[in-house]
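See below for the structure under consideration.
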Number of protein chains: 2
Amino acid sequence: LPEISDPHEIENKSFEIIEGLLAGMDLFGPQKAVVMRVVHATADTDFASAMVFSEGSVEAGISAIRAGCKVITDVNMLKAGISSLDRAGRVSCRISDPVTAALAKESKTTRAATAMRLLAGDMKGAIVAVSNAPTALYEVMRLVREEGVRPALIVGVPVGFVGASESKEELLGLLEVPFITCRGRKGGSPVGAAIVNALIKLAG
Amino acid sequence: LPEISDPHEIENKSFEIIEGLLAGMDLFGPQKAVVMRVVHATADTDFASAMVFSEGSVEAGISAIRAGCKVITDVNMLKAGISSLDRAGRVSCRISDPVTAALAKESKTTRAATAMRLLAGDMKGAIVAVSNAPTALYEVMRLVREEGVRPALIVGVPVGFVGASESKEELLGLLEVPFITCRGRKGGSPVGAAIVNALIKLAG
């Protein structure tokens with residue numbers, strides 16, 4: 001049945017195909033490695049032109065990982081996708097926490113945004129990765145601008161029809177913290193996981 | 001900052017937009033509900049025309065869930081995405097199991113395919129959902145055809161450049177077990193989770 005079943009061969013063949021699909025695009029070095037992993041995870045070449053990296057963002061992510069940083073995620077799917085750091089206890093997500101649910105209901109906002117507020121004290125030097133909830137990304141930007149919170153890097157790739165694109169356009173104007181994002185409605189946990197996993201690989 | 005932060009309002013607004021985007025397509029009833037949830041999860045309307053349902057597949061999934069079935073997944077991201085059943089202990093994934101890793105190495109295949117083989121005894125009446133590894137989907141089809149394994153439903157939506165599309169074309173020819181799939185390279189854990197979560201919702 002399957003022509004190729006060796007996992008290394010599958011990955012090598014995939015990256016060879018992706019290399020061909022992205023030929024001629026203006027992509028280099030570690031940014032290209034991140035983009036290739038996102039295209040690999042989604043099989044969607046649209047991401048190659050949609051992704052935006054603030055200056056020094058890849059380097060900031062690599063340094064943070066080497067320094068043993070935590071990763072904070074908005075949803076459990078993204079946490080599960082960063083499996084090497086998750087197994088090491090370095091990934092936090094509080095969306096399923098009963099405290100989060102109660103507070104979210106009280107303040108009539110999403111559990112994802114509330115979870116970000118609850119983890120603000122852990123964000124210094126961390127990678128904050130938001131793959132699903134625009135409200136969570138808006139809350140992270142508010143924490144940065146109004147409360148002086150300073151993650152090492154924001155990976156902001158929420159997906160959807162209401163607020164996702166707008167929240168990412170807002171992120172493009174953030175000056176205080178390096179970020180990696182993608183324009184448009186598309187995004188999601190495989191995109192967020194691919195970005196963080198590419199940084200982990202680059203960090204060696 | 002965000003114009004809408006009430007989670008119910010966000011979801012209602014999203015489904016209103018999706019309803020508009022899919023207007024004029026040949027979609028009805030419970031199949032339409034499943035397609036809409038996939039488009040909601042991915043913000044990618046391509047899935048509306050790519051999805052394929054075998055006859056009675058949605059009904060088979062709903063009945064299985066009502067009967068208290070287990071769900072077997074190829075990857076942990078998909079398991080995490082089926083949160084209501086996962087919290088109830090009804091979702092199994094063995095990709096991270098040390099036994100799986102050892103056996104996969106021995107037989108030079110993927111951990112995802114090996115995990116399917118190890119869970120074959122639990123597949124009767126279950127929903128088997130494969131969102132990432134074509135090798136896992138091929139192994140499920142082999143179990144069905146050669147070993148008489150009979151899940152209630154196969155959700156087969158692997159993503160990628162090597163084997164994903166081919167494995168799903170193969171699934172389109174499966175007669176023994178109902179299936180839900182999508183043509184082409186795209187797929188992934190948000191797609192698999194959206195399909196199963198839509199079935200859970202339809203099961204009430």
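Every chain in the structure tokens has a letter given in the order shown (A, B, ...), and although residue numbers restart at 1 in each chain, ligands are simply numbered from 1 in the order shown.
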
> Do you know which residues are at most 12 Å from Ser57 (chain B) counting only C-alpha atoms, after dropping those on the same chain fewer than 4 positions away, and could you put them as a PyMOL selection string?
Replying inline: chain B and resi 30-31+34+52-53+61-64+127+151-155+175-181+195-196+199

Emit the selected residues as a PDB file, in the first residue's frame, including C-alpha atoms.
ATOM      1  CA  PRO B  30     -26.123  16.999   9.322  1.00  0.00           C
ATOM      2  CA  GLN B  31     -23.426  16.817   6.602  1.00  0.00           C
ATOM      3  CA  VAL B  34     -20.030  18.905   9.877  1.00  0.00           C
ATOM      4  CA  VAL B  52     -16.521  13.417   1.135  1.00  0.00           C
ATOM      5  CA  PHE B  53     -19.007  11.443   3.243  1.00  0.00           C
ATOM      6  CA  GLY B  61     -20.841   8.448  13.903  1.00  0.00           C
ATOM      7  CA  ILE B  62     -23.824   9.851  15.790  1.00  0.00           C
ATOM      8  CA  SER B  63     -25.058   6.367  16.769  1.00  0.00           C
ATOM      9  CA  ALA B  64     -21.602   5.325  17.940  1.00  0.00           C
ATOM     10  CA  ILE B 127     -14.529   6.029  15.817  1.00  0.00           C
ATOM     11  CA  PRO B 151     -14.815   0.455  13.573  1.00  0.00           C
ATOM     12  CA  ALA B 152     -18.178   2.261  13.526  1.00  0.00           C
ATOM     13  CA  LEU B 153     -16.620   5.070  11.482  1.00  0.00           C
ATOM     14  CA  ILE B 154     -13.266   6.111  10.050  1.00  0.00           C
ATOM     15  CA  VAL B 155     -12.478   9.827  10.020  1.00  0.00           C
ATOM     16  CA  LEU B 175     -16.717  -0.535   1.296  1.00  0.00           C
ATOM     17  CA  GLU B 176     -16.577  -2.281   4.669  1.00  0.00           C
ATOM     18  CA  VAL B 177     -16.727   0.720   7.026  1.00  0.00           C
ATOM     19  CA  PRO B 178     -18.359   4.179   6.748  1.00  0.00           C
ATOM     20  CA  PHE B 179     -15.900   7.063   6.407  1.00  0.00           C
ATOM     21  CA  ILE B 180     -15.595  10.839   6.344  1.00  0.00           C
ATOM     22  CA  THR B 181     -12.627  12.319   4.491  1.00  0.00           C
ATOM     23  CA  ILE B 195     -15.541  16.474  12.386  1.00  0.00           C
ATOM     24  CA  VAL B 196     -15.687  14.476  15.613  1.00  0.00           C
ATOM     25  CA  LEU B 199     -20.771  14.536  15.455  1.00  0.00           C
TER      26      LEU B 199
END

> So which bits of region 28-97 of chain A end up strand (DSSP E) when you DSSP the backbone, as number ranges by chain?
Replying inline: A: 51-53, 71-73, 91-92

> Could you name the residues that touch Arg111 (chain B) at 9 Å or less, counting only C-alpha atoms, but leaving out those on the same chain fewer than 4 positions away, as a PyMOL selection string?
Replying inline: (chain A and resi 7) or (chain B and resi 74+94-97+100-105+115-116+136)

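Nearest to chain B of all the residues A:Val91, A:Ala67, A:Ala193, A:Ala198 is A:Ala193, based on only C-alpha atoms.
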
> Which parts of chain A does DSSP call helix (DSSP H, G or I) when run on the backbone here, written out as a VMD selection string?
Replying inline: chain A and resid 7 to 21 29 to 42 46 to 50 57 to 66 76 to 81 83 to 87 98 to 107 111 to 118 120 to 122 134 to 147 164 to 171 189 to 202

Same residues, C-alpha atoms, saved as an mmCIF file, in the first residue's frame:
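Listed below is the output, again-v7.cif:
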data_model
loop_
_atom_site.group_PDB
_atom_site.id
_atom_site.type_symbol
_atom_site.label_atom_id
_atom_site.label_comp_id
_atom_site.auth_asym_id
_atom_site.auth_seq_id
_atom_site.Cartn_x
_atom_site.Cartn_y
_atom_site.Cartn_z
ATOM 1 C CA PRO A 7 9.471 8.227 8.755
ATOM 2 C CA HIS A 8 12.804 9.895 7.907
ATOM 3 C CA GLU A 9 12.327 9.224 4.222
ATOM 4 C CA ILE A 10 8.778 10.684 4.382
ATOM 5 C CA GLU A 11 10.059 13.857 6.045
ATOM 6 C CA ASN A 12 12.979 14.238 3.638
ATOM 7 C CA LYS A 13 10.746 13.735 0.605
ATOM 8 C CA SER A 14 8.213 16.253 2.008
ATOM 9 C CA PHE A 15 10.825 18.944 2.517
ATOM 10 C CA GLU A 16 12.185 18.313 -0.965
ATOM 11 C CA ILE A 17 8.697 18.933 -2.416
ATOM 12 C CA ILE A 18 8.206 22.041 -0.264
ATOM 13 C CA GLU A 19 11.621 23.371 -1.316
ATOM 14 C CA GLY A 20 10.431 23.119 -4.928
ATOM 15 C CA LEU A 21 7.085 24.786 -4.216
ATOM 16 C CA GLY A 29 18.044 31.151 6.528
ATOM 17 C CA PRO A 30 16.227 30.461 9.792
ATOM 18 C CA GLN A 31 13.042 32.300 8.681
ATOM 19 C CA LYS A 32 12.865 29.952 5.705
ATOM 20 C CA ALA A 33 13.227 26.961 8.050
ATOM 21 C CA VAL A 34 10.232 28.217 10.064
ATOM 22 C CA VAL A 35 8.100 28.845 6.968
ATOM 23 C CA MET A 36 8.955 25.411 5.557
ATOM 24 C CA ARG A 37 7.837 23.713 8.759
ATOM 25 C CA VAL A 38 4.524 25.616 8.685
ATOM 26 C CA VAL A 39 3.915 24.586 5.066
ATOM 27 C CA HIS A 40 4.868 21.011 6.011
ATOM 28 C CA ALA A 41 2.315 20.993 8.857
ATOM 29 C CA THR A 42 -0.534 22.486 6.828
ATOM 30 C CA ASP A 46 -0.462 30.263 1.229
ATOM 31 C CA PHE A 47 1.394 30.529 4.532
ATOM 32 C CA ALA A 48 4.689 31.153 2.734
ATOM 33 C CA SER A 49 3.538 34.593 1.655
ATOM 34 C CA ALA A 50 1.285 35.249 4.678
ATOM 35 C CA SER A 57 12.062 37.435 16.235
ATOM 36 C CA VAL A 58 13.541 34.076 15.202
ATOM 37 C CA GLU A 59 16.746 34.830 17.104
ATOM 38 C CA ALA A 60 14.731 35.891 20.179
ATOM 39 C CA GLY A 61 12.829 32.607 20.086
ATOM 40 C CA ILE A 62 15.994 30.539 19.706
ATOM 41 C CA SER A 63 17.722 32.364 22.599
ATOM 42 C CA ALA A 64 14.691 31.923 24.843
ATOM 43 C CA ILE A 65 14.524 28.188 24.148
ATOM 44 C CA ARG A 66 18.258 27.806 24.797
ATOM 45 C CA ASN A 76 -4.514 22.455 24.676
ATOM 46 C CA MET A 77 -4.141 21.337 21.055
ATOM 47 C CA LEU A 78 -1.221 23.725 20.677
ATOM 48 C CA LYS A 79 0.270 22.515 23.987
ATOM 49 C CA ALA A 80 0.003 18.904 22.763
ATOM 50 C CA GLY A 81 1.700 19.879 19.496
ATOM 51 C CA SER A 83 5.460 17.650 22.502
ATOM 52 C CA SER A 84 9.170 17.782 23.368
ATOM 53 C CA LEU A 85 8.800 20.781 25.695
ATOM 54 C CA ASP A 86 5.398 19.569 26.927
ATOM 55 C CA ARG A 87 6.916 16.296 28.127
ATOM 56 C CA PRO A 98 -12.021 25.630 36.541
ATOM 57 C CA VAL A 99 -10.771 28.991 37.880
ATOM 58 C CA THR A 100 -10.451 30.220 34.287
ATOM 59 C CA ALA A 101 -13.984 29.121 33.414
ATOM 60 C CA ALA A 102 -15.456 30.866 36.458
ATOM 61 C CA LEU A 103 -13.564 34.126 35.871
ATOM 62 C CA ALA A 104 -14.376 34.127 32.147
ATOM 63 C CA LYS A 105 -18.073 33.749 32.843
ATOM 64 C CA GLU A 106 -17.923 36.563 35.395
ATOM 65 C CA SER A 107 -16.168 38.975 33.029
ATOM 66 C CA ARG A 111 -11.678 31.345 28.606
ATOM 67 C CA ALA A 112 -8.630 31.734 26.345
ATOM 68 C CA ALA A 113 -8.300 35.463 27.112
ATOM 69 C CA THR A 114 -8.838 34.855 30.824
ATOM 70 C CA ALA A 115 -6.178 32.121 30.815
ATOM 71 C CA MET A 116 -3.675 34.632 29.388
ATOM 72 C CA ARG A 117 -4.431 37.097 32.189
ATOM 73 C CA LEU A 118 -3.967 34.358 34.800
ATOM 74 C CA ALA A 120 0.716 37.051 33.014
ATOM 75 C CA GLY A 121 3.090 36.506 35.940
ATOM 76 C CA ASP A 122 4.823 33.675 34.055
ATOM 77 C CA PRO A 134 -8.106 36.411 18.844
ATOM 78 C CA THR A 135 -9.340 37.522 22.286
ATOM 79 C CA ALA A 136 -6.287 35.818 23.837
ATOM 80 C CA LEU A 137 -3.948 37.650 21.462
ATOM 81 C CA TYR A 138 -5.627 40.991 22.236
ATOM 82 C CA GLU A 139 -5.205 40.258 25.957
ATOM 83 C CA VAL A 140 -1.484 39.489 25.518
ATOM 84 C CA MET A 141 -1.001 42.780 23.630
ATOM 85 C CA ARG A 142 -2.863 44.623 26.414
ATOM 86 C CA LEU A 143 -0.620 43.010 29.047
ATOM 87 C CA VAL A 144 2.455 44.119 27.065
ATOM 88 C CA ARG A 145 1.311 47.693 26.506
ATOM 89 C CA GLU A 146 -0.577 48.478 29.710
ATOM 90 C CA GLU A 147 1.069 46.250 32.289
ATOM 91 C CA ALA A 164 -8.462 36.652 13.846
ATOM 92 C CA SER A 165 -7.215 38.723 10.934
ATOM 93 C CA GLU A 166 -7.773 41.993 12.823
ATOM 94 C CA SER A 167 -5.883 40.781 15.909
ATOM 95 C CA LYS A 168 -2.908 39.832 13.746
ATOM 96 C CA GLU A 169 -2.923 43.206 11.945
ATOM 97 C CA GLU A 170 -2.794 44.797 15.405
ATOM 98 C CA LEU A 171 0.154 42.561 16.328
ATOM 99 C CA SER A 189 -2.693 25.017 16.312
ATOM 100 C CA PRO A 190 -0.650 23.176 13.642
ATOM 101 C CA VAL A 191 0.727 26.567 12.521
ATOM 102 C CA GLY A 192 1.587 27.638 16.077
ATOM 103 C CA ALA A 193 3.126 24.249 16.878
ATOM 104 C CA ALA A 194 5.148 24.237 13.646
ATOM 105 C CA ILE A 195 6.613 27.674 14.420
ATOM 106 C CA VAL A 196 7.622 26.749 17.981
ATOM 107 C CA ASN A 197 8.916 23.318 16.906
ATOM 108 C CA ALA A 198 11.003 24.934 14.158
ATOM 109 C CA LEU A 199 12.526 27.275 16.753
ATOM 110 C CA ILE A 200 13.266 24.280 19.020
ATOM 111 C CA LYS A 201 15.018 22.545 16.126
ATOM 112 C CA LEU A 202 16.998 25.692 15.259
#
